[in-house]
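The data block below is upload.tsv; it holds TSV, C-alpha atoms.
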```tsv
chain	number	residue	atom	x	y	z
A	1	MET	CA	187.05	187.66	190.33
A	2	ALA	CA	189.60	190.42	189.77
A	3	LYS	CA	192.20	190.80	192.48
A	4	GLN	CA	192.20	194.00	194.51
A	5	ASP	CA	194.92	196.54	193.82
A	6	TYR	CA	197.84	196.17	196.25
A	7	TYR	CA	198.00	199.92	196.87
A	8	ASP	CA	194.30	199.96	197.74
A	9	ILE	CA	194.77	197.02	200.12
A	10	LEU	CA	197.42	198.90	202.09
A	11	GLY	CA	195.61	202.23	201.74
A	12	VAL	CA	198.56	204.11	200.21
A	13	GLY	CA	199.06	206.01	197.00
A	14	ARG	CA	201.26	204.83	194.14
A	15	ASP	CA	203.81	207.51	195.02
A	16	ALA	CA	204.06	206.35	198.65
A	17	GLY	CA	207.57	205.92	199.99
A	18	ALA	CA	208.92	202.72	201.56
A	19	GLY	CA	208.42	204.16	205.04
A	20	ASP	CA	204.74	204.93	204.40
A	21	VAL	CA	204.16	201.45	202.96
A	22	LYS	CA	205.75	199.81	206.00
A	23	LYS	CA	203.86	202.04	208.45
A	24	SER	CA	200.51	201.22	206.86
A	25	TYR	CA	201.31	197.51	206.75
A	26	ARG	CA	202.21	197.40	210.45
A	27	LYS	CA	198.99	199.11	211.42
A	28	LEU	CA	196.80	196.82	209.31
A	29	ALA	CA	198.67	193.64	210.21
A	30	MET	CA	198.24	194.30	213.93
A	31	LYS	CA	194.52	194.89	213.38
A	32	TYR	CA	193.72	191.89	211.18
A	33	HIS	CA	196.11	189.22	212.47
A	34	PRO	CA	194.25	185.89	213.04
A	35	ASP	CA	195.32	185.76	216.70
A	36	GLN	CA	193.50	189.03	217.22
A	37	ASN	CA	190.39	187.70	215.50
A	38	PRO	CA	190.17	183.93	216.17
A	39	GLY	CA	187.71	182.04	213.97
A	40	ASP	CA	187.02	184.99	211.67
A	41	LYS	CA	187.69	183.69	208.15
A	42	ASP	CA	187.07	187.07	206.49
A	43	THR	CA	189.62	188.76	208.73
A	44	GLU	CA	192.14	186.00	208.07
A	45	GLN	CA	191.73	186.50	204.32
A	46	LYS	CA	192.21	190.26	204.74
A	47	PHE	CA	195.41	189.60	206.65
A	48	LYS	CA	196.66	187.32	203.87
A	49	ASN	CA	195.89	190.00	201.28
A	50	ILE	CA	197.66	192.64	203.36
A	51	SER	CA	200.74	190.44	203.74
A	52	GLU	CA	200.76	189.60	200.03
A	53	ALA	CA	200.52	193.27	199.08
A	54	TYR	CA	203.31	194.23	201.47
A	55	GLU	CA	205.70	191.57	200.17
A	56	VAL	CA	205.39	193.01	196.69
A	57	LEU	CA	205.37	196.73	197.49
A	58	SER	CA	208.21	196.49	200.02
A	59	ASP	CA	210.53	194.96	197.41
A	60	GLU	CA	211.84	197.48	194.86
A	61	ASP	CA	212.10	194.96	191.99
A	62	LYS	CA	208.70	193.37	192.65
A	63	ARG	CA	207.08	196.77	193.04
A	64	ALA	CA	208.53	197.95	189.73
A	65	ALA	CA	207.21	194.81	188.00
A	66	TYR	CA	203.79	195.27	189.60
A	67	ASP	CA	203.62	198.95	188.60
A	68	ARG	CA	204.32	197.94	184.99
A	69	PHE	CA	202.36	194.70	184.56
A	70	GLY	CA	199.97	194.56	187.55
A	71	HIS	CA	199.05	191.14	188.95
A	72	ALA	CA	200.06	189.50	185.66
A	73	ALA	CA	203.69	189.94	186.70
A	74	PHE	CA	203.26	187.18	189.31
A	75	GLU	CA	200.88	184.75	187.69
A	76	ALA	CA	203.62	182.16	187.13
A	77	GLY	CA	203.92	181.32	190.81
A	78	GLY	CA	204.61	184.70	192.34
A	79	PRO	CA	203.38	185.90	195.71
A	80	GLY	CA	199.71	185.34	194.84
A	81	GLY	CA	200.14	182.25	192.70
A	82	PRO	CA	198.95	178.72	193.47
A	83	GLY	CA	200.69	176.96	196.31
A	84	ALA	CA	202.47	180.08	197.47
A	85	HIS	CA	202.32	181.48	200.98
A	86	PRO	CA	201.10	185.06	200.48
A	87	GLY	CA	203.45	187.60	202.02
A	88	GLY	CA	205.97	184.92	203.01
A	89	PHE	CA	204.22	184.19	206.36
A	90	ASP	CA	203.29	180.86	207.85
A	91	PHE	CA	199.76	181.39	209.14
A	92	SER	CA	200.00	178.46	211.52
A	93	GLY	CA	202.26	180.68	213.61
A	94	GLY	CA	201.19	182.91	216.48
A	95	PHE	CA	200.84	186.64	216.94
A	96	ALA	CA	204.41	186.81	218.24
A	97	ASP	CA	205.66	185.87	214.76
A	98	ILE	CA	204.23	188.92	213.05
A	99	PHE	CA	205.32	191.14	215.96
A	100	ASP	CA	208.88	189.85	215.65
A	101	GLU	CA	208.77	190.27	211.85
A	102	MET	CA	207.64	193.89	212.11
A	103	PHE	CA	209.46	195.17	215.18
A	104	GLY	CA	212.54	192.97	215.46
A	105	ASP	CA	214.67	195.65	213.83
A	106	PHE	CA	214.29	197.85	216.92
A	107	ALA	CA	216.01	195.20	219.00
A	108	GLY	CA	219.19	195.04	217.01
A	109	GLY	CA	218.77	195.34	213.26
A	110	GLY	CA	216.34	193.10	211.51
A	111	GLY	CA	215.38	190.53	214.11
A	112	ARG	CA	217.57	187.57	215.04
A	113	GLN	CA	216.68	184.18	213.62
A	114	ARG	CA	215.43	181.54	215.98
A	115	GLY	CA	218.18	179.52	217.52
A	116	ALA	CA	220.90	181.89	216.31
A	117	ALA	CA	223.67	182.51	218.83
A	118	ALA	CA	223.71	185.97	220.36
A	119	ARG	CA	226.28	188.52	219.18
A	120	GLY	CA	228.74	189.52	221.86
A	121	SER	CA	228.12	192.63	223.94
A	122	ASP	CA	229.71	195.98	223.13
A	123	LEU	CA	232.20	197.30	225.68
A	124	ARG	CA	233.14	200.81	226.79
A	125	TYR	CA	236.64	201.91	227.84
A	126	ASN	CA	237.28	205.39	229.27
A	127	MET	CA	240.70	206.89	228.52
A	128	GLU	CA	242.12	210.20	229.72
A	129	ILE	CA	244.84	211.87	227.66
A	130	SER	CA	246.75	215.15	227.95
A	131	LEU	CA	246.36	218.13	225.65
A	132	VAL	CA	249.85	217.47	224.27
A	133	GLU	CA	248.86	213.86	223.46
A	134	ALA	CA	245.75	215.16	221.74
A	135	PHE	CA	248.02	217.48	219.73
A	136	LYS	CA	250.62	214.89	218.73
A	137	GLY	CA	248.49	211.74	218.70
A	138	LYS	CA	249.34	208.65	220.72
A	139	GLN	CA	250.11	204.97	220.21
A	140	THR	CA	249.42	203.00	223.37
A	141	THR	CA	248.18	199.67	224.71
A	142	ILE	CA	245.19	199.07	226.94
A	143	ARG	CA	244.09	196.08	228.99
A	144	VAL	CA	240.39	195.26	228.79
A	145	PRO	CA	238.60	192.64	230.92
A	146	THR	CA	236.30	190.82	228.50
A	147	SER	CA	235.15	187.44	227.18
A	148	VAL	CA	237.13	185.75	224.41
A	149	THR	CA	236.54	182.67	222.29
A	150	CYS	CA	237.45	179.49	224.14
A	151	ASP	CA	240.70	178.02	222.77
A	152	THR	CA	239.79	174.50	223.86
A	153	CYS	CA	236.55	174.14	221.89
A	154	HIS	CA	237.20	177.03	219.44
A	155	GLY	CA	233.88	178.58	220.34
A	156	SER	CA	231.67	175.56	219.68
A	157	GLY	CA	231.00	174.91	223.38
A	158	GLY	CA	231.31	171.15	222.89
A	159	GLU	CA	233.97	168.87	224.29
A	160	SER	CA	236.29	167.17	221.77
A	161	GLY	CA	234.33	168.44	218.81
A	162	ALA	CA	230.91	167.37	220.15
A	163	GLN	CA	228.16	168.86	218.04
A	164	PRO	CA	225.08	170.55	219.50
A	165	VAL	CA	221.69	168.86	219.26
A	166	ALA	CA	218.23	170.37	218.97
A	167	CYS	CA	216.77	171.46	222.29
A	168	PRO	CA	214.07	168.94	223.31
A	169	THR	CA	212.02	171.66	225.02
A	170	CYS	CA	211.61	174.07	222.10
A	171	HIS	CA	212.53	171.61	219.31
A	172	GLY	CA	215.20	173.90	217.97
A	173	HIS	CA	213.08	177.07	217.76
A	174	GLY	CA	214.67	178.85	220.72
A	175	LYS	CA	211.20	179.90	221.88
A	176	VAL	CA	208.20	178.20	223.45
A	177	ARG	CA	204.56	179.16	223.07
A	178	ALA	CA	201.70	179.20	225.52
A	179	GLN	CA	198.03	179.95	224.88
A	180	GLN	CA	196.60	182.69	227.10
A	181	GLY	CA	192.98	183.38	226.26
A	182	PHE	CA	192.76	184.71	222.72
A	183	PHE	CA	196.50	185.29	222.46
A	184	THR	CA	199.46	183.04	221.82
A	185	VAL	CA	202.39	184.22	223.95
A	186	GLU	CA	205.91	183.35	222.85
A	187	ARG	CA	208.81	183.31	225.30
A	188	THR	CA	212.50	182.53	225.13
A	189	CYS	CA	213.19	178.89	225.95
A	190	VAL	CA	214.74	178.64	229.41
A	191	SER	CA	216.32	175.26	228.69
A	192	CYS	CA	218.57	176.47	225.88
A	193	ARG	CA	218.39	180.23	226.64
A	194	GLY	CA	217.02	180.93	223.18
A	195	ARG	CA	219.79	179.18	221.25
A	196	GLY	CA	217.56	176.38	219.93
A	197	HIS	CA	220.17	173.73	220.70
A	198	LYS	CA	221.94	172.13	223.62
A	199	ILE	CA	225.32	170.47	224.03
A	200	ASP	CA	225.35	166.99	225.56
A	201	LYS	CA	229.06	167.14	226.34
A	202	PRO	CA	229.90	170.77	227.18
A	203	CYS	CA	233.48	171.97	227.12
A	204	LYS	CA	234.98	171.83	230.61
A	205	ASP	CA	236.84	175.12	230.21
A	206	CYS	CA	233.89	177.27	229.11
A	207	SER	CA	230.96	175.15	230.41
A	208	GLY	CA	229.42	175.09	226.94
A	209	ASP	CA	229.32	178.86	226.37
A	210	GLY	CA	232.11	178.85	223.80
A	211	ARG	CA	233.84	181.75	225.54
A	212	VAL	CA	235.86	182.41	228.69
A	213	ALA	CA	236.63	185.51	230.77
A	214	LYS	CA	240.03	186.98	230.04
A	215	GLU	CA	241.91	190.28	230.10
A	216	LYS	CA	242.79	191.29	226.56
A	217	THR	CA	245.67	193.60	225.60
A	218	LEU	CA	244.98	195.86	222.63
A	219	SER	CA	247.11	198.32	220.69
A	220	VAL	CA	245.28	201.64	220.26
A	221	ASN	CA	246.10	204.52	217.94
A	222	ILE	CA	244.85	207.92	219.09
A	223	PRO	CA	244.87	210.26	216.05
A	224	LYS	CA	246.04	213.87	216.16
A	225	GLY	CA	243.41	216.47	216.91
A	226	VAL	CA	240.97	214.41	218.97
A	227	GLU	CA	238.74	216.43	221.28
A	228	ASP	CA	237.21	215.84	224.67
A	229	GLY	CA	234.35	213.35	224.23
A	230	THR	CA	235.69	211.78	221.03
A	231	ARG	CA	234.53	208.18	220.60
A	232	ILE	CA	236.69	205.60	218.79
A	233	ARG	CA	235.14	202.29	217.67
A	234	LEU	CA	237.25	199.13	217.57
A	235	SER	CA	235.22	196.68	215.51
A	236	GLY	CA	235.06	193.12	216.83
A	237	GLU	CA	237.07	193.87	219.99
A	238	GLY	CA	234.11	193.61	222.37
A	239	GLU	CA	232.92	190.47	224.10
A	240	ALA	CA	233.00	187.25	222.12
A	241	GLY	CA	229.61	185.92	221.06
A	242	MET	CA	228.02	182.81	222.46
A	243	ASN	CA	228.97	179.55	220.72
A	244	GLY	CA	231.02	181.14	217.97
A	245	ALA	CA	228.71	184.09	217.27
A	246	PRO	CA	230.36	187.37	216.16
A	247	ALA	CA	232.04	189.50	218.80
A	248	GLY	CA	230.74	192.91	219.83
A	249	ASP	CA	232.64	196.17	219.44
A	250	LEU	CA	234.82	198.14	221.85
A	251	TYR	CA	234.21	201.89	222.18
A	252	LEU	CA	236.94	204.18	223.51
A	253	PHE	CA	235.62	207.38	225.10
A	254	LEU	CA	238.35	210.01	225.33
A	255	SER	CA	238.59	212.85	227.82
A	256	VAL	CA	241.29	215.51	227.54
A	257	LYS	CA	242.80	216.77	230.81
A	258	PRO	CA	242.87	220.57	231.36
A	259	HIS	CA	246.28	222.15	230.74
A	260	ARG	CA	248.01	224.50	233.19
A	261	ILE	CA	248.82	227.11	230.54
A	262	PHE	CA	246.74	226.51	227.42
A	263	GLN	CA	242.98	226.63	226.98
A	264	ARG	CA	241.49	224.90	223.94
A	265	ASP	CA	238.50	225.99	221.85
A	266	GLY	CA	238.13	223.57	218.94
A	267	THR	CA	241.31	223.98	216.91
A	268	GLU	CA	242.16	227.29	218.57
A	269	VAL	CA	244.55	227.52	221.52
A	270	HIS	CA	244.45	230.44	223.95
A	271	CYS	CA	247.23	231.46	226.32
A	272	ARG	CA	247.27	234.30	228.89
A	273	VAL	CA	250.78	235.77	229.25
A	274	PRO	CA	251.78	238.30	231.95
A	275	ILE	CA	253.82	241.20	230.56
A	276	PRO	CA	255.87	243.63	232.70
A	277	MET	CA	254.55	247.17	232.72
A	278	VAL	CA	257.82	248.51	231.33
A	279	THR	CA	257.69	246.12	228.36
A	280	SER	CA	254.07	246.97	227.61
A	281	SER	CA	254.93	250.69	227.86
A	282	LEU	CA	258.18	250.79	225.90
A	283	GLY	CA	257.67	247.74	223.70
A	284	GLY	CA	259.88	244.68	223.31
A	285	THR	CA	259.75	240.97	222.59
A	286	ILE	CA	258.77	237.96	224.66
A	287	GLU	CA	258.98	234.19	224.12
A	288	VAL	CA	255.80	232.18	224.49
A	289	PRO	CA	255.58	228.35	224.67
A	290	THR	CA	253.50	226.41	222.14
A	291	VAL	CA	251.53	223.16	222.56
A	292	ASP	CA	254.08	221.16	220.54
A	293	GLY	CA	256.79	222.01	223.07
A	294	GLY	CA	258.43	224.75	221.03
A	295	ARG	CA	258.64	228.52	221.48
A	296	VAL	CA	257.46	231.48	219.45
A	297	ARG	CA	258.66	235.11	219.69
A	298	VAL	CA	255.97	237.75	220.07
A	299	THR	CA	256.70	241.43	219.37
A	300	ILE	CA	255.05	243.71	221.91
A	301	PRO	CA	254.36	247.22	220.52
A	302	SER	CA	254.80	250.15	222.89
A	303	GLY	CA	251.60	251.07	224.66
A	304	THR	CA	250.17	247.53	224.62
A	305	GLN	CA	247.13	247.33	226.89
A	306	SER	CA	246.07	244.45	229.10
A	307	GLY	CA	243.71	242.11	227.24
A	308	HIS	CA	245.18	242.71	223.80
A	309	GLN	CA	245.47	239.48	221.78
A	310	PHE	CA	248.25	238.46	219.42
A	311	ARG	CA	247.44	235.84	216.79
A	312	MET	CA	249.99	233.13	216.02
A	313	LYS	CA	248.79	231.59	212.76
A	314	GLY	CA	249.00	227.79	212.47
A	315	LYS	CA	250.19	227.30	216.05
A	316	GLY	CA	246.91	225.86	217.33
A	317	MET	CA	245.56	222.30	217.43
A	318	PRO	CA	245.57	220.05	214.35
A	319	THR	CA	242.27	219.38	212.61
A	320	LEU	CA	241.23	215.74	212.96
A	321	ASN	CA	242.04	213.70	209.82
A	322	SER	CA	243.62	216.75	208.17
A	323	LYS	CA	246.99	218.48	207.86
A	324	MET	CA	245.43	221.82	208.79
A	325	HIS	CA	246.13	223.53	212.13
A	326	GLY	CA	244.20	226.18	213.98
A	327	ASP	CA	245.67	229.39	215.41
A	328	MET	CA	247.08	230.30	218.79
A	329	PHE	CA	245.99	233.51	220.54
A	330	VAL	CA	248.29	235.12	223.10
A	331	GLN	CA	246.45	237.46	225.46
A	332	ALA	CA	248.62	240.12	227.10
A	333	ILE	CA	248.04	240.68	230.82
A	334	VAL	CA	249.93	243.79	231.88
A	335	GLU	CA	251.39	243.26	235.36
A	336	THR	CA	251.33	246.14	237.82
A	337	PRO	CA	254.69	246.48	239.68
A	338	MET	CA	254.76	245.32	243.31
A	339	ASN	CA	257.17	245.72	246.25
A	340	LEU	CA	258.65	248.96	244.86
A	341	THR	CA	261.67	250.55	246.49
A	342	LYS	CA	261.60	254.13	247.75
A	343	LYS	CA	263.55	255.32	244.71
A	344	GLN	CA	261.22	253.53	242.30
A	345	LYS	CA	258.21	255.15	243.90
A	346	GLU	CA	259.83	258.59	243.64
A	347	LEU	CA	260.56	257.99	239.95
A	348	LEU	CA	256.94	257.04	239.32
A	349	ARG	CA	255.68	260.14	241.11
A	350	GLU	CA	258.07	262.25	239.06
A	351	PHE	CA	256.85	260.53	235.87
A	352	ASN	CA	253.23	261.21	236.85
A	353	LYS	CA	253.93	264.91	237.44
A	354	SER	CA	256.00	265.46	234.32
A	355	GLY	CA	253.68	263.82	231.79
A	356	SER	CA	250.32	264.78	230.30
A	357	PRO	CA	247.69	262.33	231.67
A	358	GLU	CA	245.44	262.74	228.62
A	359	LYS	CA	248.32	261.48	226.45
A	360	THR	CA	249.90	258.80	228.66
A	361	SER	CA	246.60	257.43	230.08
A	362	PRO	CA	243.91	258.45	227.61
A	363	GLU	CA	241.37	255.78	228.63
A	364	SER	CA	241.39	256.57	232.35
A	365	GLU	CA	241.41	260.32	231.74
A	366	GLY	CA	238.51	260.04	229.32
A	367	PHE	CA	236.54	257.88	231.75
A	368	PHE	CA	236.90	260.25	234.68
A	369	THR	CA	236.10	263.22	232.48
A	370	HIS	CA	232.75	261.60	231.65
A	371	VAL	CA	232.18	260.85	235.33
A	372	LYS	CA	232.71	264.51	236.23
A	373	GLU	CA	230.25	265.56	233.54
A	374	LEU	CA	227.71	263.08	234.94
A	375	TRP	CA	228.08	264.51	238.44
A	376	GLU	CA	227.65	268.05	237.13
A	377	ASP	CA	224.44	267.03	235.34
A	378	LEU	CA	223.08	265.52	238.55
A	379	LYS	CA	223.65	268.79	240.43
A	380	ASP	CA	221.55	270.81	237.96
```
Would you encode the structure as structure tokens?
Amino acid sequence: MAKQDYYDILGVGRDAGAGDVKKSYRKLAMKYHPDQNPGDKDTEQKFKNISEAYEVLSDEDKRAAYDRFGHAAFEAGGPGGPGAHPGGFDFSGGFADIFDEMFGDFAGGGGRQRGAAARGSDLRYNMEISLVEAFKGKQTTIRVPTSVTCDTCHGSGGESGAQPVACPTCHGHGKVRAQQGFFTVERTCVSCRGRGHKIDKPCKDCSGDGRVAKEKTLSVNIPKGVEDGTRIRLSGEGEAGMNGAPAGDLYLFLSVKPHRIFQRDGTEVHCRVPIPMVTSSLGGTIEVPTVDGGRVRVTIPSGTQSGHQFRMKGKGMPTLNSKMHGDMFVQAIVETPMNLTKKQKELLREFNKSGSPEKTSPESEGFFTHVKELWEDLKD
């Protein structure tokens, strides 16, 4: 009897992508798994066919061979050959096996093998830096409370080199099964906490965990140009894993403190600078500070109005991982004189009488002219 086409078994076209193949397989495997249909031989055979088809079509090399030669590509003992387990599954297992096979990647990337020691937890460290430190970069040290590999047992968890033995409760699987009606439920073994093994002579310093609590000092390099909310990953600097398993990662979350003078917008820096009325009227020069601690001279043309911006090219923040810098914008805020003496007031009154308002204050004169016209229109 001719074997059914693998694409037909999974219900996908020959141009189906890997994601479509996997999606269809998951749906069919959940439907036809033997634990869902106990005692149904036809359903069990369908499940085997589905698994066999998925093993071939989910592998790029096997799929290419199948597309070229069909089932003949595997007649010498391939997925469907004599003595092989179609799809790579052991059908004596329970429903939890196929669930773990299909969905284990959501729990941490591919599903952890039974009995494998757990990877250490990732850690978060919040660090606040100044705007100047964000501009120049910073080399500093931090102290992080964490778990590190035990020096006494070197992470094995056993005393004097004692080796772990298979857990008698789960027989090294890390999980135990219980039958509940039509379903086989699989749970983490409480005796070995899912490790699959136990240590007869645990290390006295770490109580068999292979790690101990300790405050770790780390050297941290903050690059130039980091922004508020930047996250820096330090690989392998998180908590140590159980019984020699890989350590987790440490994530630095940076926050940049507001500055008293400068406001940041990406790589741009903005600065509001008060300018005396005389300087804005007659013109002149002023010195303005920059984020790097230096100074820059700004020429103020005569008649400069409040709100006018001067652009200082290349005086802004550095671009992260680049030699480029943004610009700095100086906003002029014309300051109205206060606490005038009697003579100063008289001079201002004399100035106001002697000048032509439409020339010395064109904006205000133009505004009030339009207001008068509006009032006249309302009277009509």
- Can you tell me, as an NGL selection string, what residues are no more than 10 Å from segment 10-13 of chain A when counting all atoms listed in the file, ignoring any on the same chain fewer than 4 positions away? :A and (5-6 or 17 or 20-29 or 49-51 or 53-54 or 57)
Filtering to C-alpha atoms, could you give me those residues as a CSV table (one decimal), in the coordinates of the input?
```
chain,number,residue,atom,x,y,z
A,5,ASP,CA,194.9,196.5,193.8
A,6,TYR,CA,197.8,196.2,196.2
A,17,GLY,CA,207.6,205.9,200.0
A,20,ASP,CA,204.7,204.9,204.4
A,21,VAL,CA,204.2,201.4,203.0
A,22,LYS,CA,205.8,199.8,206.0
A,23,LYS,CA,203.9,202.0,208.4
A,24,SER,CA,200.5,201.2,206.9
A,25,TYR,CA,201.3,197.5,206.8
A,26,ARG,CA,202.2,197.4,210.4
A,27,LYS,CA,199.0,199.1,211.4
A,28,LEU,CA,196.8,196.8,209.3
A,29,ALA,CA,198.7,193.6,210.2
A,49,ASN,CA,195.9,190.0,201.3
A,50,ILE,CA,197.7,192.6,203.4
A,51,SER,CA,200.7,190.4,203.7
A,53,ALA,CA,200.5,193.3,199.1
A,54,TYR,CA,203.3,194.2,201.5
A,57,LEU,CA,205.4,196.7,197.5
```
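Taking atom CA of Cys192 of chain A and atom CA of Ser207 of chain A as the two end points, the separation is 13.3 Å.
Distances from A:Asp249, A:Glu237, A:Asp205, A:Glu60 to Arg143 of chain A were compared using all atoms listed in the file, and the smallest one belongs to A:Glu237.
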- Please, what distance in Å, to one decimal, runs between atom CA of Gln163 of chain A and atom CA of Asp209 of chain A? 13.1 Å
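The closest residue to Lys315 of chain A, picked from A:Thr267, A:Thr360, A:Gln344, A:Thr188 and counting all atoms listed in the file, is A:Thr267.
When all atoms listed in the file are used to measure the gap to Met328 of chain A, the shortest distance among A:Gly266, A:Gly307, A:Pro301, A:Gly284 belongs to A:Gly266.
Computed from the coordinates, the atom CA of Arg231 of chain A to atom CA of Leu123 of chain A distance equals 12.2 Å.
Among the candidate residues A:Gly294, A:Pro289, A:Pro318, A:Pro246, the one lying nearest to Val330 of chain A is A:Pro289, with distances computed using only C-alpha atoms.
Take the candidates A:Gly303, A:Thr169, A:Cys206, A:Glu133 and check each one against Ser156 of chain A using only C-alpha atoms; the shortest distance goes to A:Cys206.
All residues that come within 8 Å of the coordinates (238.0, 205.8, 217.4), counting only C-alpha atoms, are given as Ile222, Thr230, Arg231, Ile232, Arg233, Leu234, Tyr251 and Leu252 of chain A.
For Pro274 of chain A, the list of residues within 12 Å, based on all atoms listed in the file and with local chain neighbours fewer than 5 positions off taken out, reads Ile261, Thr279, Ser280, Ile286, Glu287, Val288, Ile300, Thr304, Gln305, Ser306, Gly307, His308, Val330, Gln331, Ala332, Ile333, Val334, Glu335, Thr336 and Pro337 of chain A.
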